[in-house]
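Q: Sending over a structure as C-alpha cells; questions will come in a sec.
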Amino acid sequence: MMRRVLLVEDEASLILTIRDRLLNEGYDVEVATDGESALQLARRRIFDVILLDIALPKKNGFDVCRDLRSDAVHTPVLMLTARGQISDRVVGLKLGADDYLTKPFDMLELLARIEALLRRSRNLAGANADTFGFGDVQIDFRSAEVVRNSSPVELSVLELKLLRYLIEHRGAVIAREELLDKVWGYEAMPVTRTVDVHVSSLRQKLERNPSRPEFIVTVHGLGYKFLG
Ligand code: CA
C-alpha cells in the first residue's frame, strides 16, 4: 500500500526537495503551503504521516497540531523547524507532535524518522489490524465477531462493513454519499437515508447511550465520524 504524506511547508525550495525525494521513495505526497489549508486537507483525507513546519502563513504549526489533535486526527506528526530551541520542541511535543526535526536536516535523517513513525503507528494499531477495540466493544473483522462486555453482538454484513469503513477512517468526517459509494457500492439511486438507518442500528448495538453516541458521531451537515 502506498504511504501518504502531507507536507506542510511554505518554503518553495524545501517543498521541491522533500517532495521529489519522497516521491522517489514511493510515497504519495500532498503539499499544503499554509496552516489553514493543511488543516482542511488533513480533515478531508487520511494521511500516514504529516510533516509540519512551525513558521507558516495563516496558522502556525503548533496551532495546526493542536487543532488536529482536538479533532481526533491522530496521524503521526513530525515537526520541522528552523528554530532549534528546546522550548519549541517541548511545546510541539506537548501539543501532540510525535517527533521533531531541526532544519537544516539531512534527507536520509528525514526518511528514517518518517519510517520510524510509520512503524510505531502500525504497532499502535496492533500487529493485527483485523481486530479493533473501543469502549466496551471488541471486534474481530476476520471472523466477523463482535463482542461487547463479553457478550456476542450480532451485526449484519452491511453493518460490519460500515463499521469497518468508519474505523479505518477514524478521525475523518465521512459524507453519507461516500459511505454509500464505498460500503454499499450503489450505482442506482443512492438514498442517503439508508446510511442513517444503519448508523442508528450500529449505535443501538454498540454505544453505551445510543442517543448520545461517543464513538459514531454525527457531524452536522457533513456526515459521520468515528472517534476512538
Ligand atoms: Ca516556514
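Residues are referred to by chain and number: the chain letter is A, B, ... according to the order shown in the C-alpha cells, the number counts from 1 in that chain, and ligands are numbered separately from 1 in the order shown.
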Skip segment 133-142 of chain A itself and residues of its chain fewer than 6 positions away, then list as JSON, numbers by chain all residues within 8 Å of it, counting only C-alpha atoms.
A: {"A": [148, 149, 160, 164, 206, 215, 228]}
Q: List every residue of segment 2-213 of chain A that DSSP, applied to the backbone of this structure, places in strand (DSSP E), and write the result as a ChimeraX atom specification.
A: /A:4-8,28-32,49-53,77-81,99-102,131-134,137-140,145-148,151-153
Q: Write a file of the selected residues as a short mmCIF file (atom, residue, chain, number, x, y, z; two decimals), in the first residue's frame, keeping N, CA, C and O atoms.
A:
data_model
loop_
_atom_site.label_atom_id
_atom_site.label_comp_id
_atom_site.auth_asym_id
_atom_site.auth_seq_id
_atom_site.Cartn_x
_atom_site.Cartn_y
_atom_site.Cartn_z
N ARG A 4 0.87 7.72 2.39
CA ARG A 4 0.52 9.08 2.00
C ARG A 4 1.06 10.08 3.02
O ARG A 4 0.78 9.99 4.21
N VAL A 5 1.82 11.04 2.50
CA VAL A 5 2.44 12.05 3.36
C VAL A 5 1.85 13.41 3.05
O VAL A 5 1.70 13.79 1.89
N LEU A 6 1.50 14.13 4.10
CA LEU A 6 1.09 15.53 3.93
C LEU A 6 2.28 16.39 4.33
O LEU A 6 2.72 16.35 5.49
N LEU A 7 2.80 17.15 3.37
CA LEU A 7 3.92 18.04 3.63
C LEU A 7 3.39 19.45 3.80
O LEU A 7 2.78 20.01 2.88
N VAL A 8 3.58 20.02 4.98
CA VAL A 8 3.11 21.38 5.25
C VAL A 8 4.34 22.26 5.39
O VAL A 8 5.07 22.18 6.40
N ASP A 28 3.24 8.79 -1.59
CA ASP A 28 2.29 9.68 -2.23
C ASP A 28 2.34 10.97 -1.43
O ASP A 28 2.26 10.93 -0.20
N VAL A 29 2.54 12.12 -2.08
CA VAL A 29 2.76 13.35 -1.33
C VAL A 29 1.74 14.42 -1.69
O VAL A 29 1.48 14.65 -2.87
N GLU A 30 1.15 15.03 -0.70
CA GLU A 30 0.35 16.22 -0.92
C GLU A 30 0.99 17.37 -0.17
O GLU A 30 1.57 17.17 0.90
N VAL A 31 0.88 18.57 -0.73
CA VAL A 31 1.55 19.72 -0.13
C VAL A 31 0.53 20.78 0.28
O VAL A 31 -0.40 21.06 -0.47
N ALA A 32 0.71 21.31 1.47
CA ALA A 32 -0.05 22.49 1.89
C ALA A 32 0.96 23.56 2.23
O ALA A 32 1.97 23.28 2.87
N VAL A 49 1.49 10.11 7.53
CA VAL A 49 2.40 10.98 8.29
C VAL A 49 2.17 12.43 7.86
O VAL A 49 1.90 12.69 6.69
N ILE A 50 2.28 13.34 8.81
CA ILE A 50 2.23 14.77 8.47
C ILE A 50 3.56 15.40 8.83
O ILE A 50 4.02 15.28 9.98
N LEU A 51 4.21 16.04 7.85
CA LEU A 51 5.44 16.79 8.10
C LEU A 51 5.02 18.24 8.24
O LEU A 51 4.45 18.82 7.32
N LEU A 52 5.28 18.81 9.40
CA LEU A 52 4.68 20.10 9.72
C LEU A 52 5.71 21.13 10.11
O LEU A 52 6.36 21.02 11.16
N ASP A 53 5.85 22.13 9.25
CA ASP A 53 6.71 23.28 9.56
C ASP A 53 6.06 24.09 10.68
O ASP A 53 4.84 24.02 10.86
N VAL A 77 2.70 13.17 13.60
CA VAL A 77 3.18 14.47 13.13
C VAL A 77 4.67 14.60 13.43
O VAL A 77 5.11 14.39 14.57
N LEU A 78 5.42 14.92 12.40
CA LEU A 78 6.84 15.21 12.54
C LEU A 78 7.02 16.70 12.32
O LEU A 78 6.75 17.20 11.22
N MET A 79 7.42 17.43 13.35
CA MET A 79 7.56 18.88 13.22
C MET A 79 8.91 19.24 12.63
O MET A 79 9.93 18.67 13.01
N LEU A 80 8.88 20.20 11.71
CA LEU A 80 10.11 20.69 11.08
C LEU A 80 10.26 22.14 11.45
O LEU A 80 9.33 22.91 11.31
N THR A 81 11.42 22.52 11.91
CA THR A 81 11.58 23.94 12.20
C THR A 81 13.00 24.42 12.03
O THR A 81 13.96 23.66 12.16
N ASP A 99 7.33 13.72 16.79
CA ASP A 99 8.78 13.82 16.67
C ASP A 99 9.11 15.21 16.15
O ASP A 99 8.21 15.98 15.80
N TYR A 100 10.38 15.50 16.06
CA TYR A 100 10.83 16.85 15.85
C TYR A 100 12.15 16.81 15.09
O TYR A 100 13.03 16.02 15.43
N LEU A 101 12.26 17.62 14.06
CA LEU A 101 13.50 17.65 13.29
C LEU A 101 13.88 19.10 13.02
O LEU A 101 13.05 19.89 12.57
N THR A 102 15.13 19.46 13.32
CA THR A 102 15.57 20.84 13.16
C THR A 102 16.22 21.04 11.79
O THR A 102 17.04 20.24 11.36
N THR A 131 -8.26 -6.65 14.12
CA THR A 131 -9.01 -6.51 15.37
C THR A 131 -8.98 -5.06 15.81
O THR A 131 -8.03 -4.33 15.53
N PHE A 132 -10.04 -4.68 16.48
CA PHE A 132 -10.11 -3.29 16.94
C PHE A 132 -11.01 -3.24 18.17
O PHE A 132 -12.00 -3.97 18.26
N GLY A 133 -10.64 -2.40 19.11
CA GLY A 133 -11.46 -2.26 20.31
C GLY A 133 -11.77 -0.81 20.60
O GLY A 133 -10.97 0.07 20.34
N PHE A 134 -12.96 -0.54 21.09
CA PHE A 134 -13.32 0.80 21.57
C PHE A 134 -14.39 0.63 22.65
O PHE A 134 -15.21 -0.27 22.58
N VAL A 137 -16.35 -2.56 23.52
CA VAL A 137 -16.57 -3.38 22.33
C VAL A 137 -15.24 -3.90 21.78
O VAL A 137 -14.25 -3.18 21.75
N GLN A 138 -15.21 -5.17 21.39
CA GLN A 138 -14.05 -5.76 20.72
C GLN A 138 -14.53 -6.35 19.40
O GLN A 138 -15.53 -7.06 19.37
N ILE A 139 -13.78 -6.05 18.33
CA ILE A 139 -14.20 -6.54 17.02
C ILE A 139 -13.08 -7.35 16.40
O ILE A 139 -11.92 -6.94 16.44
N ASP A 140 -13.44 -8.49 15.83
CA ASP A 140 -12.50 -9.24 15.00
C ASP A 140 -13.11 -9.28 13.60
O ASP A 140 -14.06 -10.01 13.34
N GLU A 145 -16.60 -11.30 14.24
CA GLU A 145 -17.15 -11.45 15.59
C GLU A 145 -17.05 -10.13 16.34
O GLU A 145 -15.99 -9.49 16.37
N VAL A 146 -18.15 -9.75 16.93
CA VAL A 146 -18.17 -8.54 17.74
C VAL A 146 -18.63 -8.93 19.14
O VAL A 146 -19.62 -9.64 19.30
N VAL A 147 -17.85 -8.49 20.11
CA VAL A 147 -18.16 -8.84 21.50
C VAL A 147 -18.27 -7.56 22.30
O VAL A 147 -17.45 -6.65 22.16
N ARG A 148 -19.32 -7.48 23.09
CA ARG A 148 -19.48 -6.30 23.93
C ARG A 148 -19.72 -6.76 25.37
O ARG A 148 -20.64 -7.53 25.61
N SER A 151 -20.24 -10.33 25.77
CA SER A 151 -21.38 -10.99 25.11
C SER A 151 -21.32 -10.73 23.61
O SER A 151 -21.03 -9.60 23.20
N PRO A 152 -21.59 -11.75 22.80
CA PRO A 152 -21.55 -11.54 21.35
C PRO A 152 -22.65 -10.57 20.88
O PRO A 152 -23.74 -10.55 21.45
N VAL A 153 -22.30 -9.76 19.88
CA VAL A 153 -23.26 -8.83 19.28
C VAL A 153 -23.45 -9.25 17.84
O VAL A 153 -22.47 -9.51 17.13
#
Q: How close does chain A get to ligand 1? List, as a tab-separated table, each residue of chain A within 8 Å, its nearest atom pair and the distance in Å to one decimal, counting only C-alpha atoms and all ligand atoms.
A:
residue	atom	partner	partner_atom_place_in_ligand_line	distance
A:Glu9	CA	ligand 1	1 (Ca)	5.8
A:Asp10	CA	ligand 1	1 (Ca)	5.1
A:Glu11	CA	ligand 1	1 (Ca)	5.8
A:Asp53	CA	ligand 1	1 (Ca)	5.7
A:Ile54	CA	ligand 1	1 (Ca)	6.3
A:Ala55	CA	ligand 1	1 (Ca)	4.2
A:Leu56	CA	ligand 1	1 (Ca)	4.8
A:Pro57	CA	ligand 1	1 (Ca)	7.7
A:Thr81	CA	ligand 1	1 (Ca)	7.4
A:Ala82	CA	ligand 1	1 (Ca)	7.8
Q: Write the residues of the selection above to a file with C-alpha atoms, as a CSV table (one decimal), in the first residue's frame.
A:
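The resulting file, result_22.csv, is shown below:
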chain,number,residue,atom,x,y,z
A,9,GLU,CA,5.8,23.8,4.3
A,10,ASP,CA,5.9,27.3,2.8
A,11,GLU,CA,9.5,27.4,1.5
A,53,ASP,CA,6.7,23.3,9.6
A,54,ILE,CA,6.2,25.6,12.5
A,55,ALA,CA,6.5,29.1,11.0
A,56,LEU,CA,3.7,29.1,8.4
A,57,PRO,CA,1.3,31.6,6.9
A,81,THR,CA,11.6,23.9,12.2
A,82,ALA,CA,14.4,26.3,11.6
Q: Work out how far apart atom CA of Phe105 of chain A and atom CA of Thr17 of chain A are and give it in Å to one decimal.
A: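 If I compute the distance from atom CA of Phe105 of chain A to atom CA of Thr17 of chain A, I get 11.6 Å.
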Q: Mind giving me the straight-line distance from atom CA of Ile167 of chain A to atom CA of Thr75 of chain A in Å, one decimal?
A: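 Calculated distance between atom CA of Ile167 of chain A and atom CA of Thr75 of chain A is 13.7 Å.
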Q: For Gln204 of chain A, list every protein, DNA or RNA residue within 12 Å, evaluated using only C-alpha atoms, and leave out those in the same chain fewer than 2 positions away; present the list as a ChimeraX atom specification.
A: /A:153-155,159,197-202,206-213,215-216
Q: Would you output that residue set with C-alpha atoms, as a PDB file, in the first residue's frame?
A:
ATOM      1  CA  VAL A 153     -23.258  -8.828  19.282  1.00  0.00           C
ATOM      2  CA  GLU A 154     -24.968  -9.703  16.014  1.00  0.00           C
ATOM      3  CA  LEU A 155     -24.100  -7.331  13.181  1.00  0.00           C
ATOM      4  CA  GLU A 159     -23.270  -3.025   9.435  1.00  0.00           C
ATOM      5  CA  VAL A 197     -30.737   3.854   9.351  1.00  0.00           C
ATOM      6  CA  HIS A 198     -27.658   1.634   9.545  1.00  0.00           C
ATOM      7  CA  VAL A 199     -25.710   4.092  11.660  1.00  0.00           C
ATOM      8  CA  SER A 200     -28.614   4.248  14.060  1.00  0.00           C
ATOM      9  CA  SER A 201     -28.713   0.469  14.257  1.00  0.00           C
ATOM     10  CA  LEU A 202     -24.947   0.318  14.943  1.00  0.00           C
ATOM     11  CA  LEU A 206     -22.560  -0.655  20.275  1.00  0.00           C
ATOM     12  CA  GLU A 207     -22.965   2.675  22.004  1.00  0.00           C
ATOM     13  CA  ARG A 208     -23.456   2.934  25.752  1.00  0.00           C
ATOM     14  CA  ASN A 209     -26.045   5.623  25.181  1.00  0.00           C
ATOM     15  CA  PRO A 210     -27.263   5.413  21.562  1.00  0.00           C
ATOM     16  CA  SER A 211     -28.981   8.788  21.715  1.00  0.00           C
ATOM     17  CA  ARG A 212     -25.706  10.422  22.823  1.00  0.00           C
ATOM     18  CA  PRO A 213     -23.117   8.492  20.829  1.00  0.00           C
ATOM     19  CA  PHE A 215     -17.933   6.771  19.010  1.00  0.00           C
ATOM     20  CA  ILE A 216     -20.068   7.030  15.880  1.00  0.00           C
TER      21      ILE A 216
END
